[in-house]
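The data block below is my_file_3.cif; it holds mmCIF, C-alpha atoms.
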data_data
#
loop_
_atom_site.label_atom_id
_atom_site.label_comp_id
_atom_site.auth_asym_id
_atom_site.auth_seq_id
_atom_site.Cartn_x
_atom_site.Cartn_y
_atom_site.Cartn_z
CA MET A 1 -1.25 -73.05 -60.29
CA ALA A 2 -4.37 -72.82 -58.16
CA ILE A 3 -3.41 -76.06 -56.36
CA ASP A 4 0.03 -74.63 -55.54
CA GLU A 5 -1.62 -71.52 -54.08
CA LEU A 6 -3.96 -73.64 -51.97
CA LEU A 7 -1.02 -75.69 -50.68
CA ASN A 8 0.86 -72.52 -49.80
CA GLU A 9 -2.16 -71.17 -47.93
CA HIS A 10 -2.54 -74.50 -46.12
CA GLU A 11 1.14 -74.50 -45.14
CA GLN A 12 0.88 -70.92 -43.92
CA SER A 13 -2.22 -71.76 -41.91
CA GLU A 14 -0.45 -74.72 -40.31
CA LYS A 15 2.51 -72.51 -39.43
CA VAL A 16 0.20 -69.99 -37.78
CA ARG A 17 -1.56 -72.74 -35.80
CA ASN A 18 1.74 -74.24 -34.68
CA TRP A 19 3.01 -70.82 -33.63
CA LEU A 20 -0.18 -70.17 -31.68
CA ARG A 21 0.07 -73.55 -29.92
CA SER A 22 3.71 -72.94 -29.04
CA ASN A 23 3.10 -69.39 -27.77
CA ALA A 24 -0.35 -69.79 -26.28
CA LEU A 25 0.82 -69.36 -22.69
CA GLY A 26 2.85 -66.32 -23.64
CA LEU A 27 -0.07 -64.73 -25.42
CA VAL A 28 -2.47 -65.44 -22.58
CA GLY A 29 0.10 -64.18 -20.09
CA GLY A 30 0.68 -61.03 -22.13
CA VAL A 31 -3.01 -60.31 -22.43
CA GLY A 32 -3.46 -61.08 -18.75
CA LEU A 33 -0.61 -58.75 -17.84
CA GLY A 34 -2.07 -56.03 -20.05
CA LEU A 35 -5.47 -56.41 -18.43
CA ALA A 36 -3.87 -56.44 -14.98
CA VAL A 37 -1.99 -53.21 -15.75
CA ILE A 38 -5.19 -51.55 -16.96
CA ALA A 39 -7.12 -52.77 -13.93
CA GLY A 40 -4.31 -51.64 -11.62
CA TRP A 41 -4.20 -48.21 -13.24
CA GLN A 42 -7.96 -47.82 -12.90
CA TRP A 43 -7.80 -48.91 -9.26
CA TRP A 44 -4.96 -46.46 -8.57
CA GLN A 45 -6.89 -43.63 -10.21
CA GLY A 46 -9.94 -44.51 -8.12
CA GLN A 47 -7.83 -44.51 -4.96
CA GLN A 48 -6.29 -41.17 -5.89
CA LEU A 49 -9.73 -39.70 -6.56
CA GLN A 50 -11.09 -41.01 -3.29
CA SER A 51 -8.03 -39.84 -1.38
CA GLY A 52 -8.27 -36.43 -3.04
CA MET A 53 -11.93 -36.11 -2.12
CA GLN A 54 -11.21 -37.09 1.47
CA ALA A 55 -8.35 -34.60 1.67
CA SER A 56 -10.53 -31.83 0.23
CA ALA A 57 -13.29 -32.62 2.72
CA SER A 58 -10.81 -32.62 5.61
CA TYR A 59 -9.36 -29.31 4.48
CA ALA A 60 -12.80 -27.71 4.13
CA GLN A 61 -13.78 -28.79 7.63
CA ALA A 62 -10.47 -27.67 9.11
CA SER A 63 -10.62 -24.33 7.29
CA GLU A 64 -14.02 -23.51 8.77
CA ALA A 65 -12.88 -24.61 12.22
CA PHE A 66 -9.68 -22.56 12.02
CA GLU A 67 -11.62 -19.44 11.05
CA ALA A 68 -14.02 -20.00 13.93
CA GLY A 69 -11.17 -20.74 16.33
CA LYS A 70 -12.65 -24.12 17.21
CA ILE A 71 -9.59 -26.35 16.74
CA PRO A 72 -6.91 -26.44 19.47
CA ALA A 73 -3.33 -25.93 18.26
CA ASP A 74 -2.30 -29.54 18.83
CA LYS A 75 -5.25 -30.93 16.92
CA GLY A 76 -4.74 -28.34 14.20
CA LYS A 77 -1.17 -29.54 13.70
CA SER A 78 -2.35 -33.14 13.44
CA VAL A 79 -4.83 -32.07 10.76
CA VAL A 80 -2.01 -30.41 8.80
CA ALA A 81 0.21 -33.48 9.22
CA GLY A 82 -2.57 -35.72 7.95
CA LEU A 83 -3.09 -33.57 4.88
CA GLU A 84 0.64 -33.54 4.13
CA LYS A 85 0.50 -37.28 3.45
CA SER A 86 -2.16 -36.95 0.78
CA ASN A 87 -2.08 -33.39 -0.53
CA PRO A 88 0.86 -31.04 0.24
CA THR A 89 -0.97 -28.10 -1.36
CA LEU A 90 -3.96 -28.39 0.96
CA ALA A 91 -1.62 -29.01 3.89
CA THR A 92 0.24 -25.78 3.15
CA LEU A 93 -3.00 -23.81 2.86
CA ALA A 94 -4.27 -25.34 6.11
CA ALA A 95 -1.02 -24.43 7.90
CA LEU A 96 -1.27 -20.85 6.67
CA GLN A 97 -4.85 -20.62 7.93
CA LEU A 98 -3.96 -22.22 11.26
CA ALA A 99 -1.07 -19.79 11.71
CA LYS A 100 -3.37 -16.86 10.96
CA ALA A 101 -5.92 -18.13 13.48
CA GLN A 102 -3.16 -18.46 16.08
CA VAL A 103 -1.95 -14.91 15.45
CA ASP A 104 -5.52 -13.59 15.61
CA ALA A 105 -5.87 -15.36 18.95
CA GLY A 106 -2.73 -13.63 20.23
CA LYS A 107 -0.59 -16.77 19.95
CA ARG A 108 2.12 -15.61 17.57
CA ASP A 109 4.72 -17.87 19.17
CA ASP A 110 2.53 -20.87 18.31
CA ALA A 111 2.14 -19.73 14.71
CA ILE A 112 5.91 -19.76 14.08
CA PRO A 113 6.38 -23.52 14.67
CA THR A 114 3.17 -24.19 12.74
CA LEU A 115 4.79 -22.80 9.59
CA ARG A 116 8.27 -24.06 10.39
CA GLY A 117 6.91 -27.55 10.94
CA LEU A 118 5.75 -28.05 7.37
CA ASP A 119 7.71 -30.96 5.88
CA LYS A 120 6.34 -30.79 2.33
CA VAL A 121 5.69 -27.20 1.34
CA ASP A 122 3.91 -26.78 -1.99
CA ALA A 123 6.40 -25.21 -4.41
CA ASP A 124 3.98 -22.53 -5.59
CA LEU A 125 3.10 -21.58 -2.01
CA ARG A 126 6.64 -21.72 -0.63
CA PRO A 127 7.29 -17.95 -1.12
CA VAL A 128 4.04 -17.14 0.71
CA VAL A 129 5.00 -19.38 3.64
CA GLN A 130 8.48 -17.86 3.79
CA GLN A 131 7.10 -14.31 3.78
CA ARG A 132 4.50 -15.06 6.47
CA LEU A 133 7.05 -16.82 8.64
CA ALA A 134 9.58 -14.01 8.14
CA ARG A 135 7.04 -11.40 9.24
CA LEU A 136 6.26 -13.43 12.36
CA LEU A 137 9.96 -13.76 13.13
CA ILE A 138 10.51 -10.02 12.72
CA ASP A 139 7.60 -9.36 15.06
CA ALA A 140 9.15 -11.79 17.53
CA GLY A 141 12.45 -9.90 17.48
CA LYS A 142 14.21 -12.49 15.30
CA ALA A 143 14.90 -10.40 12.22
CA LYS A 144 18.20 -12.20 11.52
CA ASP A 145 16.38 -15.51 11.27
CA ALA A 146 13.87 -13.86 8.94
CA LEU A 147 16.59 -12.71 6.52
CA ALA A 148 17.58 -16.31 5.81
CA LEU A 149 14.12 -16.87 4.31
CA LEU A 150 14.20 -13.82 2.02
CA GLU A 151 16.80 -14.47 -0.65
CA ASP A 152 14.71 -14.18 -3.84
CA GLU A 153 15.49 -10.82 -5.43
CA ARG A 154 12.88 -11.37 -8.16
CA ASN A 155 10.03 -11.40 -5.66
CA ALA A 156 8.78 -7.94 -4.69
CA ALA A 157 6.99 -9.17 -1.57
CA MET A 158 10.15 -10.88 -0.33
CA LEU A 159 12.22 -7.75 -0.95
CA ASP A 160 9.61 -5.73 0.92
CA VAL A 161 9.85 -8.02 3.95
CA ARG A 162 13.65 -8.04 3.66
CA GLY A 163 13.55 -4.27 3.95
CA ASP A 164 11.43 -4.63 7.09
CA ALA A 165 13.95 -7.06 8.57
CA GLN A 166 16.92 -4.80 7.80
CA PHE A 167 15.06 -1.82 9.23
CA ALA A 168 14.29 -3.81 12.39
CA LEU A 169 18.00 -4.57 12.68
CA GLY A 170 18.80 -0.88 12.37
CA ASP A 171 20.52 -1.17 8.99
CA LYS A 172 18.69 1.60 7.15
CA ALA A 173 21.01 1.57 4.13
CA LYS A 174 20.24 -2.10 3.39
CA ALA A 175 16.57 -1.50 4.13
CA GLN A 176 16.51 1.30 1.56
CA ASP A 177 18.20 -0.93 -0.99
CA ALA A 178 15.63 -3.70 -0.48
CA TYR A 179 12.71 -1.27 -0.71
CA ARG A 180 14.07 0.30 -3.91
CA LYS A 181 14.46 -3.12 -5.52
CA ALA A 182 10.92 -4.00 -4.48
CA LEU A 183 9.54 -0.78 -5.94
CA ALA A 184 11.20 -1.56 -9.28
CA LEU A 185 9.13 -4.75 -9.46
CA VAL A 186 5.77 -3.29 -8.46
CA ASP A 187 3.47 -1.38 -10.78
CA VAL A 188 3.08 2.27 -9.80
CA ALA A 189 -0.71 1.88 -9.79
CA ASP A 190 -0.51 -0.99 -7.29
CA PRO A 191 -1.41 0.10 -3.71
CA GLN A 192 1.60 -1.90 -2.54
CA HIS A 193 3.87 0.54 -4.42
CA ARG A 194 2.73 3.44 -2.26
CA LEU A 195 3.14 1.41 0.93
CA ILE A 196 6.71 0.39 0.04
CA ALA A 197 7.51 3.98 -0.95
CA MET A 198 6.37 5.15 2.49
CA LYS A 199 8.61 2.55 4.12
CA LEU A 200 11.52 3.75 2.01
CA ILE A 201 10.93 7.33 3.16
CA GLU A 202 10.73 6.14 6.79
CA ALA A 203 14.08 4.40 6.31
CA GLY A 204 15.57 7.72 5.14
CA GLY A 205 15.44 7.10 1.41
CA THR A 206 13.77 8.86 -1.49
CA PRO A 207 11.39 6.97 -3.79
CA PRO A 208 12.27 7.04 -7.51
CA HIS A 209 10.83 10.04 -9.37
CA ALA A 210 9.64 11.60 -6.10
CA GLY A 211 9.03 15.28 -6.57
CA SER A 212 9.35 15.12 -10.36
CA ASN A 213 6.73 16.77 -12.52
CA GLY A 214 6.52 14.04 -15.13
#
What is this file in C-alpha cells?
Amino acid sequence: MAIDELLNEHEQSEKVRNWLRSNALGLVGGVGLGLAVIAGWQWWQGQQLQSGMQASASYAQASEAFEAGKIPADKGKSVVAGLEKSNPTLATLAALQLAKAQVDAGKRDDAIPTLRGLDKVDADLRPVVQQRLARLLIDAGKAKDALALLEDERNAAMLDVRGDAQFALGDKAKAQDAYRKALALVDVADPQHRLIAMKLIEAGGTPPHAGSNG
C-alpha cells in the first residue's frame, strides 16, 4: 500500500514538472506582466505626485503675484491655461483670483473673458464662477447674458444674483420672486438674509414675516 502511495506521489510530481515545463514561458510572462503593471502604477503615481506638487507650487506663486498685481493679464491667462492641464481645481481658483485682481485694478472688461475662458471648470467651483461672472456681466450692462448663468433654484447665492439681474433689467416682479426664493434658503441669522431682504424691499416687495411680532 505504501509503494502504491509513493508511485502516486511520483506520478503527481512528474505531472507537475511537465506542466511547469510546458507553461514556463506563460508563467514567466504572467509574472513579468504583473511586475510591469505594478512598476507602471508606481511610476504613474510618482508622476501624478510630482505633477501635483508642481501645480501647487505654480498656483501658490501665481496667487501671490495676482494679489500683488505683479502678473500682466496675458501672462496670468497663460498661468491659468497651464494649470488647467494638470489641476482644474487650482486653475479655477487661479482664474477667480486673477479676475478679482483685474477688477481691483479697474479692468472689469478683462475679468469677464478670464472667467469665460475657463475650459475645465471644477464642478464644485462652477457655481462660484457663474455667480462671479454674472455679477461682472450685470455691472457691464449685460444682465440678459447673466441670467443664462443663473438657473439653479436650489442655490441661494444664484437666486440673489438673479434678482439683481432682473432688477437691472427693470423687471421688479421677477426680481422680487428671485429674492423671496433666496430668502427661503438662507438662515435668518445669516447676514446675507438681511442683505437680500433689503434688496427685496428696494424692488418693491415685502420680506416674509416683516412687521410681525413673533
Name the residues that the PyMOL selection byres ((chain A and resi 151) around 12) picks from the file above, as a PDB file with C-alpha atoms, keeping the file's coordinate frame, using the file's chain letters and numbers.
ATOM      1  CA  PRO A 127       7.290 -17.950  -1.120  1.00  0.00           C
ATOM      2  CA  GLN A 130       8.480 -17.860   3.790  1.00  0.00           C
ATOM      3  CA  GLN A 131       7.100 -14.310   3.780  1.00  0.00           C
ATOM      4  CA  ALA A 134       9.580 -14.010   8.140  1.00  0.00           C
ATOM      5  CA  ASP A 145      16.380 -15.510  11.270  1.00  0.00           C
ATOM      6  CA  ALA A 146      13.870 -13.860   8.940  1.00  0.00           C
ATOM      7  CA  LEU A 147      16.590 -12.710   6.520  1.00  0.00           C
ATOM      8  CA  ALA A 148      17.580 -16.310   5.810  1.00  0.00           C
ATOM      9  CA  LEU A 149      14.120 -16.870   4.310  1.00  0.00           C
ATOM     10  CA  LEU A 150      14.200 -13.820   2.020  1.00  0.00           C
ATOM     11  CA  ASP A 152      14.710 -14.180  -3.840  1.00  0.00           C
ATOM     12  CA  GLU A 153      15.490 -10.820  -5.430  1.00  0.00           C
ATOM     13  CA  ARG A 154      12.880 -11.370  -8.160  1.00  0.00           C
ATOM     14  CA  ASN A 155      10.030 -11.400  -5.660  1.00  0.00           C
ATOM     15  CA  ALA A 156       8.780  -7.940  -4.690  1.00  0.00           C
ATOM     16  CA  ALA A 157       6.990  -9.170  -1.570  1.00  0.00           C
ATOM     17  CA  MET A 158      10.150 -10.880  -0.330  1.00  0.00           C
ATOM     18  CA  LEU A 159      12.220  -7.750  -0.950  1.00  0.00           C
ATOM     19  CA  ASP A 160       9.610  -5.730   0.920  1.00  0.00           C
ATOM     20  CA  VAL A 161       9.850  -8.020   3.950  1.00  0.00           C
ATOM     21  CA  ARG A 162      13.650  -8.040   3.660  1.00  0.00           C
ATOM     22  CA  GLY A 163      13.550  -4.270   3.950  1.00  0.00           C
ATOM     23  CA  ALA A 178      15.630  -3.700  -0.480  1.00  0.00           C
TER      24      ALA A 178
END
Separation of atom CA of A:Ile201 from atom CA of A:Ile138, in Å and rounded to one decimal: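 Answer for the atom CA of A:Ile201 to atom CA of A:Ile138 separation: 19.8 Å.
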Would you give the centre and edge lengths, in Å to one decimal, of a box along x, y and z around the listed atoms of stretch 160-171 of chain A, with 4 Å added to each side, as lines of an AutoDock Vina configuration file?
center_x = 15.1
center_y = -4.5
center_z = 6.8
size_x = 18.9
size_y = 15.2
size_z = 19.8
As a check of understanding: the span from atom CA of A:Arg126 to atom CA of A:Leu200 is 26.1 Å
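Straight-line separation from atom CA of A:Ala140 to atom CA of A:Arg108: 8.0 Å.
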Would you be able to write out as a short mmCIF file (atom, residue, chain, number, x, y, z; two decimals) with C-alpha atoms, in the coordinates of the input which residues have an atom within 7 Å of (11.9, 4.5, -2.9) in the file's coordinates, counting only C-alpha atoms?
data_model
loop_
_atom_site.label_atom_id
_atom_site.label_comp_id
_atom_site.auth_asym_id
_atom_site.auth_seq_id
_atom_site.Cartn_x
_atom_site.Cartn_y
_atom_site.Cartn_z
CA TYR A 179 12.71 -1.27 -0.71
CA ARG A 180 14.07 0.30 -3.91
CA LEU A 183 9.54 -0.78 -5.94
CA ALA A 197 7.51 3.98 -0.95
CA LEU A 200 11.52 3.75 2.01
CA ILE A 201 10.93 7.33 3.16
CA GLY A 205 15.44 7.10 1.41
CA THR A 206 13.77 8.86 -1.49
CA PRO A 207 11.39 6.97 -3.79
CA PRO A 208 12.27 7.04 -7.51
#
What would the selection look like, as a list in words, if the PyMOL selection byres ((chain A and resi 141) around 12) were run on the coordinates I just shared? Arg108, Asp109, Ala134, Arg135, Leu136, Leu137, Ile138, Asp139, Ala140, Lys142, Ala143, Lys144, Asp145, Ala146, Asp164, Ala165, Gln166, Phe167, Ala168 and Leu169 of chain A
Among listed residues A:Ala175, A:Ala91, A:Ala189, A:Leu133, nearest A:Val103 (using all atoms listed in the file): A:Leu133
